[in-house]
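Right, one structure below, let's go through it.
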Amino acid sequence: MYYAVDYYADMGQISQDLPAKDFEMDDLDDFDQVTQVIGYHPLFRDHFLRTQNFIMKGDGPLPYDYRYYLAIIAAARHQCPYLVKRYEKEFINQGGNCEWLNGLDFIPAKLRAIYDINKILAHRPWLLRKEHIELLTKGHNSWSLSEVVHAMVLLSHFHALSSFVFSCGLTQKLDGLSSPKLKSASALQATPANERRTAGADVATRQTTTTPIHQQQQFLLQQQQEQQKSLIGDRDASKSNTDIDIGTDALGISSANGYLATSQQQPQQHGISVETLMERMKVLSQKQDECSEAELSNRFKNVEMQTAELAAVTPETTVAVPHIISHYVHDPNFVYEDFARRGAENIPNTFRIQDYSWEDHGYSLVEDLYKDVGRYLDEKFLAAYNLTYFTMGGIKNVDTSKFRRAIWNYIQCIYGIRHDDYDYGEVNQLLVRPLKMFIKTACCFPERITTKDYDSVLVELQDSEKVHVNLMIMEARNQAELLYALREIMRYIT
């Protein structure tokens with residue numbers, strides 16, 4: 001493992017440090033509709049499915065019925081009927097007790113004891129304390145520490161997956177509430193690894209090949225494209241033909257436009273152009289001045305306070321818990337509250353990555369108590385963080401690392417986590433206010449996002465690029481929850 005500063009510093013192509021595929025796809029969860037959308041990015045999808053398959057079906061301390069029930073109650077906290085209903089079916093398939101599906105009042109006391117932790121992790125993870133862990137691990141229906149870790153991994157995974165489902169505008173389609181809004185992929189990306197490597201900071205121009213392997217990849221991707229079309233509808237053909245070339249212009253994070261706009265509004269009214277953003281990233285990359293610790297701290301606090309004052313996409317909206325899942329939800333009024341609010345008393349202490357990081361602390365703890373899951377999580381986080389195709393708005397050979405790091409660190413800032421080596425002044429230079437609003441809503445109030453919100457964000461970008469941003473939201477949030485959970489487990493142990 002590496003120190004946090006070095007661990008993600010290169011932000012290179014995801015295939016650089018990741019092992020070869022070591023699993024059979026037939027052994028993984030079926031390619032449900034959400035997974036098809038994640039499939040816009042096949043390399044990340046492989047890590048996602050490998051991790052999900054392991055925590056749900058692999059070796060682990062929790063029995064299978066507990067695993068699937070935890071998935072249900074995690075998704076229910078964000079009112080995600082699609083995930084709830086899917087895992088109810090899986091729960092039954094695993095031999096689960098049907099009576100449990102009547103609600104929280106019908107489950108064993110041991111399982112019910114973790115519900116408060118589920119609620120806290122989903123909405124205000126900074127409130128978790130070692131005393132919560134102690135309560136679980138003592139008494140007649142006590143949990144082992146290994147079981148607690150397994151549960152934390154499951155809960156955080158499905159909280160974050162709920163964010164992804166909503167942020168892609170999928171839930172109305174998947175829950176049968178409306179017609180689909182997510183457009184089909186104009187092309188799926190699968191550039192061979194040797195075409196995506198980079199040497200240092202200079203990204204070489206990639207060469208397109210037509211080897212049998214490449215042809216096979218294109219054929220498989222076309223098949224998957226047809227499957228996705230059945231879910232997400234047809235896309236304007238002229239845009240797909242001019243914007244992308246299969247295997248070459250692999251759809252990247254050119255969501256770097258950094259604005260929200262409706263189809264009736266010009267991007268320039270809401271943010272900055274791709275060219276302007278690229279220039280800002282270039283200037284930031286060449287910047288030599290180092291800020292003092294005090295200045296870095298002040299810049300973090302400024303962004304944190306601005307985030308607290310930022311409304312969600314649909315602020316002050318009360319969404320009634322759907323009747324079909326309400327029996328899985330206690331205390332529905334317990335929702336996200338801004339970590340730092342101007343004038344608020346008893347603001348929690350900032351979570352500093354230099355004091356407790358995934359790389360130096362969380363990884364080893366989770367590996368000790370739940371063997372192999374740390375490796376799966378680590379590879380998945382790396383894949384999400386380093387995912388890039390070196391493109392931005394149709395422009396090739398672009399280093400998007402500054403923009404990607406700004407998104408990741410901003411997401412974790414929403415949860416009160418500070419990366420001490422990072423200059424949060426870059427967040428305000430690279431992410432404009434409307435994009436921050438969408439990110440905050442996706443993290444904190446995903447159930448408020450509709451297909452209309454999805455369609456109105458970053459409208460000039462292809463759907464795969466929007467999905468790319470939403471993958472980062474999912475994984476940065478997942479890691480943030482785990483950091484809080486694992487830190488309190490460590491404090492309890494020591």
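Residues in the structure tokens are numbered from 1 in each chain, the chains being A, B, ... in the order shown, and ligands are numbered from 1 in the order shown.
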Mind checking which residues fall within 7 Å of segment 306-308 of chain A, counting only C-alpha atoms, ignoring those fewer than 4 positions away in the same chain, and posting them as a list of chain:residue names? A:Asn302, A:Asp338, A:Phe339, A:Ala340, A:Arg341, A:Ile414
Would you list the contacts of segment 122-131 of chain A as a ChimeraX atom specification, taking every protein, DNA or RNA residue within 9 Å and counting only C-alpha atoms, but skipping same-chain residues closer than 6 positions in sequence? /A:74,77-78,155-156,159-160,334-339,348-351,415-416,444-445,480-482,484-485,487-493
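Residues in contact with Leu161 of chain A at 9 Å, where only C-alpha atoms are counted and same-chain residues fewer than 6 positions away are skipped, are listed as Ala75, Leu83, Met474, Glu475 and Asn478 of chain A.
Nearest-residue note for Phe438 of chain A: choosing from A:Tyr40, A:Phe390, A:Phe164, A:Tyr454, the minimum distance belongs to A:Tyr454, counting only C-alpha atoms.
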Segment 36-157 of chain A: which residues are helix (DSSP H, G or I) by DSSP, as a PyMOL selection string? chain A and resi 36-38+42-57+64-77+81-93+98-102+104-106+109-112+115-123+125-127+130-136+145-157
So that I can see what lies close to Glu426 of chain A, please list as an MDAnalysis selection string the residues with an atom at most 9 Å from it, counting only C-alpha atoms and leaving out residues fewer than 5 positions away in the same chain. chainID A and resid 281 284 402:403 406 431
Would you export the selected residues with C-alpha atoms as an mmCIF file, in the first residue's frame, please?
data_model
loop_
_atom_site.group_PDB
_atom_site.id
_atom_site.type_symbol
_atom_site.label_atom_id
_atom_site.label_comp_id
_atom_site.auth_asym_id
_atom_site.auth_seq_id
_atom_site.Cartn_x
_atom_site.Cartn_y
_atom_site.Cartn_z
ATOM 1 C CA MET A 281 -6.316 22.718 -15.610
ATOM 2 C CA LEU A 284 -3.113 24.614 -12.184
ATOM 3 C CA LYS A 402 -7.208 17.770 -12.065
ATOM 4 C CA PHE A 403 -10.902 17.692 -12.837
ATOM 5 C CA ALA A 406 -11.660 17.912 -7.800
ATOM 6 C CA LEU A 431 -16.520 22.838 -10.601
#
Check the smallest atom-to-atom distance from each of A:Val457, A:Tyr328, A:Tyr66, A:Asp423 to Phe106 of chain A using only C-alpha atoms, then report the winner.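 Among the listed residues, the smallest separation from Phe106 of chain A belongs to A:Tyr328.
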I'd like the neighbourhood of Leu145 of chain A as a list in words, where a residue qualifies if any of its atoms comes within 9 Å (using only C-alpha atoms), though same-chain residues fewer than 2 positions away should be ignored.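 What passes the distance filter is Ile133, Leu136, Thr137, Trp143, Glu147, Val148, Val149, His150, Leu369 and Ile489 of chain A.
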So, with only C-alpha atoms as the atoms that count, which of A:Val321, A:Tyr64, A:Asp455, A:Arg352 lies closest to Ser297 of chain A?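 Selected residue with least distance to Ser297 of chain A: A:Arg352.
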Proximity to Arg45 of chain A - best of A:Ile473, A:Ser163, A:Tyr410, A:Phe381, only C-alpha atoms: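 Among A:Ile473, A:Ser163, A:Tyr410, A:Phe381, it is A:Phe381 that comes nearest to Arg45 of chain A.
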Atom CA of Ile107 of chain A and atom CA of Leu121 of chain A, how far apart in Å?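 Distance reported for this atom pair: 20.3 Å.
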With distances taken over only C-alpha atoms, the candidate from A:Gly139, A:Gly96, A:Pro322, A:Pro61 nearest Tyr82 of chain A is A:Pro322
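From atom CA of Phe166 of chain A back to atom CA of Asp463 of chain A, the distance works out to 14.3 Å.
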